[in-house]
Amino acid sequence: MAYMDTYKDWLSWCDEKAKAELLAIDDPKELEDRFYCDLKFGTGGMRGVMGIGSNRMNKYMIRKATKGFAYYLFAHCTDEERARGVVIAYDSRHHSQEFAWEAANVLTSAGIPVKIFTELEPTPVLSFAVRHLGAIAGLVLTASHNPKEYNGYKVYDRHGDQIVPRIANNLIRYVEAVEDIPGIDAAGNPELIQEIGEETVDAFVEAVYQTSVCKGDVAPLRIVYTPLHGAGNKPVRKVLACAGFTDVHVVREQELPDGDFPTVKSPNPEEKSALTLGLNLAQQIGADIVIGTDPDSDRIGVGVRQGDDYVLLTGNQIGALLADFLLEQHKDELTPATTVMKTVVTGELGAAIARAKGCQVVETLTGFKYIGDKITEYEHDPAHTFFFGYEESYGCLVGTYAQDKDAVGAALLVAEMAACYKQQDQTICDHLHELYAKYGYYYDAQASYKLQGIEGKEKIKSIMDALRAGKIAYDADVLDYAKGIDGLPATNLLKYRFADGSWIAIRPSGTEPKLKLYCSLIAEDEAKAKARFEQVKQQFEATFGL
C-alpha cells in the first residue's frame, strides 16, 4: 500500500483542480497505477498517459524533469554554454503548449534562457532549430504517434539529436534526485524568454528544399495530404509548393490541430484506419499518392494508386524505395565513405540495395536517436559520410539539416520519387516490384501486444526471461542485445537470425506498454512469406498466451 502514502502526499500540496481529479477516483486499481511508481524518465525523456499522479504526465512531473535537467546543465555546461539557451517546441496534443511553458518557466527561474516557438511545430523543426539558433539543448512536448491519452517530453543535445544513453543515464540521476516537487520554482523569468517565429520555420523549409532532387522541375502529380490534426500542415505544404507541387489536396476534416484526434482511433500513419479519409478523397479525385504525417510530423505514411485501388507502403518499403531512388539520383557523387544507416529491427532490402551500389551500411539500435548520434560522429570521421537513414517505424532522414527523422523532408522526396516514376509510366509500386525481382522478395511485418499496468510490465519481463531460457527453440543464431553486440549499448532485444538471411526480433516498446514482434523474411513470393509470418506469430502467441 506504499502508493497510498504517495497519493496522500500529493493531496497535501497539489492545486485544487488536481486534488478534485484525484478525489473523484473510486477505482483502487486506477489509484495504484497512478502512484505505484514515478513516471519513468528514460533514455529519451518521458512518455505516458496524461493525468494527475506520479506515474502520469502532468505539470508537476514536467517541473520535476525540467528541474533535474536544469541541475544537469549547471553541472555539465559552462556559463557561456548555458547562456546559449534551450529551444522548446510542442505539438497539437492536449497540454503540450502548457507543458512547454511549464518547462520554460522552470528553466528561466533557474537562470537558463529559453527560446520557445509561438505555435506548434514538427519535432524535426526543433532538431533543426537547436543548431540553427546555436542553443545548448532542446525540448519537445509530444507523444508522436501515440493515442490521444498520451503526451511526452523529449530532450535533445546541442547537435539537435535526441539524447542517447551515455548522456541520458547521467541526466536521469539529476531528475531522480529532485524530491521536493511542490518546492520547485516555476514562476519563470520573462526577460530570459525569447519567442521564435516564422523565420526559423522558413529556414527549416529552405534546408529541407536543399535535399530536393528535382528542384522544381517535376511532372504533374496529384497529391492528397493529411497532417492527422498535427503540426505538419504548414511546413509540408510549404515545402511541396517550393518544389513545384501545386496539385495538393488537404483532407479538410484532419487539417486543423486537435488533440482529440476526432477522426482517427490513433493518429498513427502506420495504420490504414488513420489514412482512411485521405484514401477516400484520393479515390474521389484520382490522386496519384496519399501522404500522411503523425502529430509531430516525424513519421510518414504513404498510399500509392495502383490501378483502381491504393496500396499502403510499409516503413521498410518507404525506406528501401527512397534509398534506391536517392542513391540512383546521386550516383555520380557516391564515394566509398557514403553510408546508409538502419536500425537492427529494420528490414534488409534497403541495405541490400545500398551495398550493391557500393555504399557502407551501418546498423544502430532501435530509435532514430542512435542514427542521429552517428551523424554527429561522422562529422569528424572521414571514413563515413552520412547519406540516408531510416527505420521500420516510418521514419527517415536524408542530409544533416536535422538529426532526427523528418516526415516533412520525406514528404518532399516521396512526391519527387512518384513524379519521376510517373514520367517513366511507372508507379512507386511498379518500381518496388522491380526491386524485388532484382534483389529478392523481402517481407517485413510486425505484431504488437498491449500489456498495461503492473501485471503487463511483469508479463513482458516474464516473456523476455522465458525466451532467453529457450522457451521457443528457433533453428537460428541467437543475438541477445542485452549483452551488448557489435559495440552497441546494451538493450532489451532478442534477435534470431536464420541461415537464409531472414530474422525474428522481440523487444519491449520504449514508448508504450507493448511487446513487439518483428519479422524480416526472405521467400520466393509474398504468399509464402506471409504464411511463414503467420506461423511464427501463431507459435509466439500460443506459447505465451497472447
# chains A, B, ... in the order shown; residues from 1 in each chain; ligands from 1
$ residues_around --residues "stretch 131-137 of chain A" --least-positions-apart "3" --cutoff "7 Å" --atoms "only C-alpha atoms" --output "list of chain:residue names"
A:Glu81, A:Arg82, A:Arg84, A:Gly85, A:Val86, A:Val87, A:Phe128, A:Tyr156, A:Asp157, A:Arg158, A:His159, A:Gly160
$ residues_around --residues "A:Asp444" --least-positions-apart "2" --cutoff "8 Å" --atoms "only C-alpha atoms" --output "list in words"
Asn316, Gly347, Tyr442, Gln446, Tyr518, Cys519, Ser520 and Leu521 of chain A
$ write_last_selection --atoms "N, CA and C atoms" --output "tab-separated table (two decimals), in the first residue's frame"
chain	number	residue	atom	x	y	z
A	316	ASN	N	9.40	-0.06	-43.95
A	316	ASN	CA	10.56	-0.68	-44.60
A	316	ASN	C	10.56	-0.43	-46.11
A	347	GLY	N	14.08	-3.77	-41.94
A	347	GLY	CA	14.26	-4.79	-42.96
A	347	GLY	C	15.54	-4.66	-43.76
A	442	TYR	N	11.50	-9.55	-50.10
A	442	TYR	CA	11.66	-9.30	-48.66
A	442	TYR	C	10.28	-8.96	-48.07
A	446	GLN	N	5.23	-6.97	-38.46
A	446	GLN	CA	5.37	-6.98	-37.01
A	446	GLN	C	4.01	-7.14	-36.35
A	518	TYR	N	8.97	-8.54	-34.41
A	518	TYR	CA	9.34	-8.11	-35.75
A	518	TYR	C	9.80	-9.32	-36.56
A	519	CYS	N	9.46	-9.34	-37.82
A	519	CYS	CA	9.96	-10.37	-38.72
A	519	CYS	C	10.44	-9.74	-40.02
A	520	SER	N	11.60	-10.17	-40.50
A	520	SER	CA	12.07	-9.82	-41.83
A	520	SER	C	12.37	-11.14	-42.52
A	521	LEU	N	11.50	-11.51	-43.46
A	521	LEU	CA	11.54	-12.85	-44.03
A	521	LEU	C	11.80	-12.80	-45.52
$ atom_distance --atom1 "atom CA of A:Ala65" --atom2 "atom CA of A:Asn105"
12.6 Å
$ closest_atom_pairs --of "stretch 25-122 of chain A" --to "stretch 168-177 of chain A" --cutoff "7 Å" --atoms "only C-alpha atoms" --output "CSV"
residue,atom,partner,partner_atom,distance
A:Phe41,CA,A:Ile172,CA,6.4
A:Thr43,CA,A:Ala168,CA,4.9
A:Gly44,CA,A:Ala168,CA,6.8
A:Lys64,CA,A:Val175,CA,6.6
A:Ala65,CA,A:Val175,CA,5.4
A:Gly68,CA,A:Val175,CA,3.9
A:Phe69,CA,A:Val175,CA,6.6
A:Tyr71,CA,A:Tyr174,CA,6.4
A:Tyr72,CA,A:Leu171,CA,6.0
$ write_last_selection --atoms "C-alpha atoms" --output "JSON list (two decimals), in the first residue's frame"
[["chain", "number", "residue", "atom", "x", "y", "z"],
["A", 41, "PHE", "CA", 12.43, 9.33, -17.16],
["A", 43, "THR", "CA", 16.92, 7.38, -22.24],
["A", 44, "GLY", "CA", 14.92, 9.83, -24.37],
["A", 64, "LYS", "CA", 10.44, 17.70, -11.76],
["A", 65, "ALA", "CA", 12.01, 16.58, -15.06],
["A", 68, "GLY", "CA", 16.61, 17.87, -12.95],
["A", 69, "PHE", "CA", 17.51, 18.98, -16.48],
["A", 71, "TYR", "CA", 20.72, 20.80, -12.49],
["A", 72, "TYR", "CA", 22.32, 18.73, -15.24]]
$ residues_around --residues "A:Leu321" --least-positions-apart "4" --cutoff "10 Å" --atoms "only C-alpha atoms" --output "PyMOL selection string"
chain A and resi 313+315-317+325-327+349-350+353+414+417+428-429+431-432+435
$ closest_atom_pairs --of "stretch 50-153 of chain A" --to "stretch 287-311 of chain A" --cutoff "12 Å" --atoms "only C-alpha atoms" --output "tab-separated table"
residue	atom	partner	partner_atom	distance
A:Ala89	CA	A:Asp296	CA	9.9
A:Tyr90	CA	A:Asp296	CA	8.0
A:Asp91	CA	A:Asp296	CA	5.6
A:Ser92	CA	A:Pro295	CA	6.6
A:Arg93	CA	A:Pro295	CA	7.7
A:His94	CA	A:Pro295	CA	11.4
A:Ser96	CA	A:Asp296	CA	11.0
A:Leu120	CA	A:Asp296	CA	8.7
A:Glu121	CA	A:Asp296	CA	7.1
A:Pro122	CA	A:Asp296	CA	4.5
A:Thr123	CA	A:Asp296	CA	5.4
A:Pro124	CA	A:Asp298	CA	6.4
A:Val125	CA	A:Ser297	CA	9.3
A:Leu126	CA	A:Asp296	CA	10.2
A:Ser127	CA	A:Asp298	CA	10.7
A:Val140	CA	A:Asp296	CA	9.4
A:Leu141	CA	A:Asp296	CA	9.2
A:Thr142	CA	A:Asp296	CA	6.7
A:Ala143	CA	A:Asp296	CA	8.0
A:Ser144	CA	A:Asp296	CA	5.4
A:His145	CA	A:Asp294	CA	5.5
A:Asn146	CA	A:Pro295	CA	9.0
A:Pro147	CA	A:Pro295	CA	10.3
A:Lys148	CA	A:Pro295	CA	10.1
A:Tyr150	CA	A:Pro295	CA	11.8
A:Asn151	CA	A:Pro295	CA	11.0
A:Gly152	CA	A:Asp296	CA	11.1
$ closest_atom_pairs --of "stretch 286-340 of chain A" --to "stretch 357-379 of chain A" --cutoff "6 Å" --atoms "only C-alpha atoms" --output "CSV"
residue,atom,partner,partner_atom,distance
A:Thr338,CA,A:Cys359,CA,5.4
A:Thr339,CA,A:Gln360,CA,4.7
A:Val340,CA,A:Val361,CA,5.0
$ write_last_selection --atoms "C-alpha atoms" --output "compact mmCIF listing (two decimals), in the first residue's frame"
# COMPACT_ATOMS: atom_id res chain seq x y z
CA THR A 338 28.93 7.06 -48.41
CA THR A 339 26.93 5.50 -45.58
CA VAL A 340 23.32 4.36 -45.34
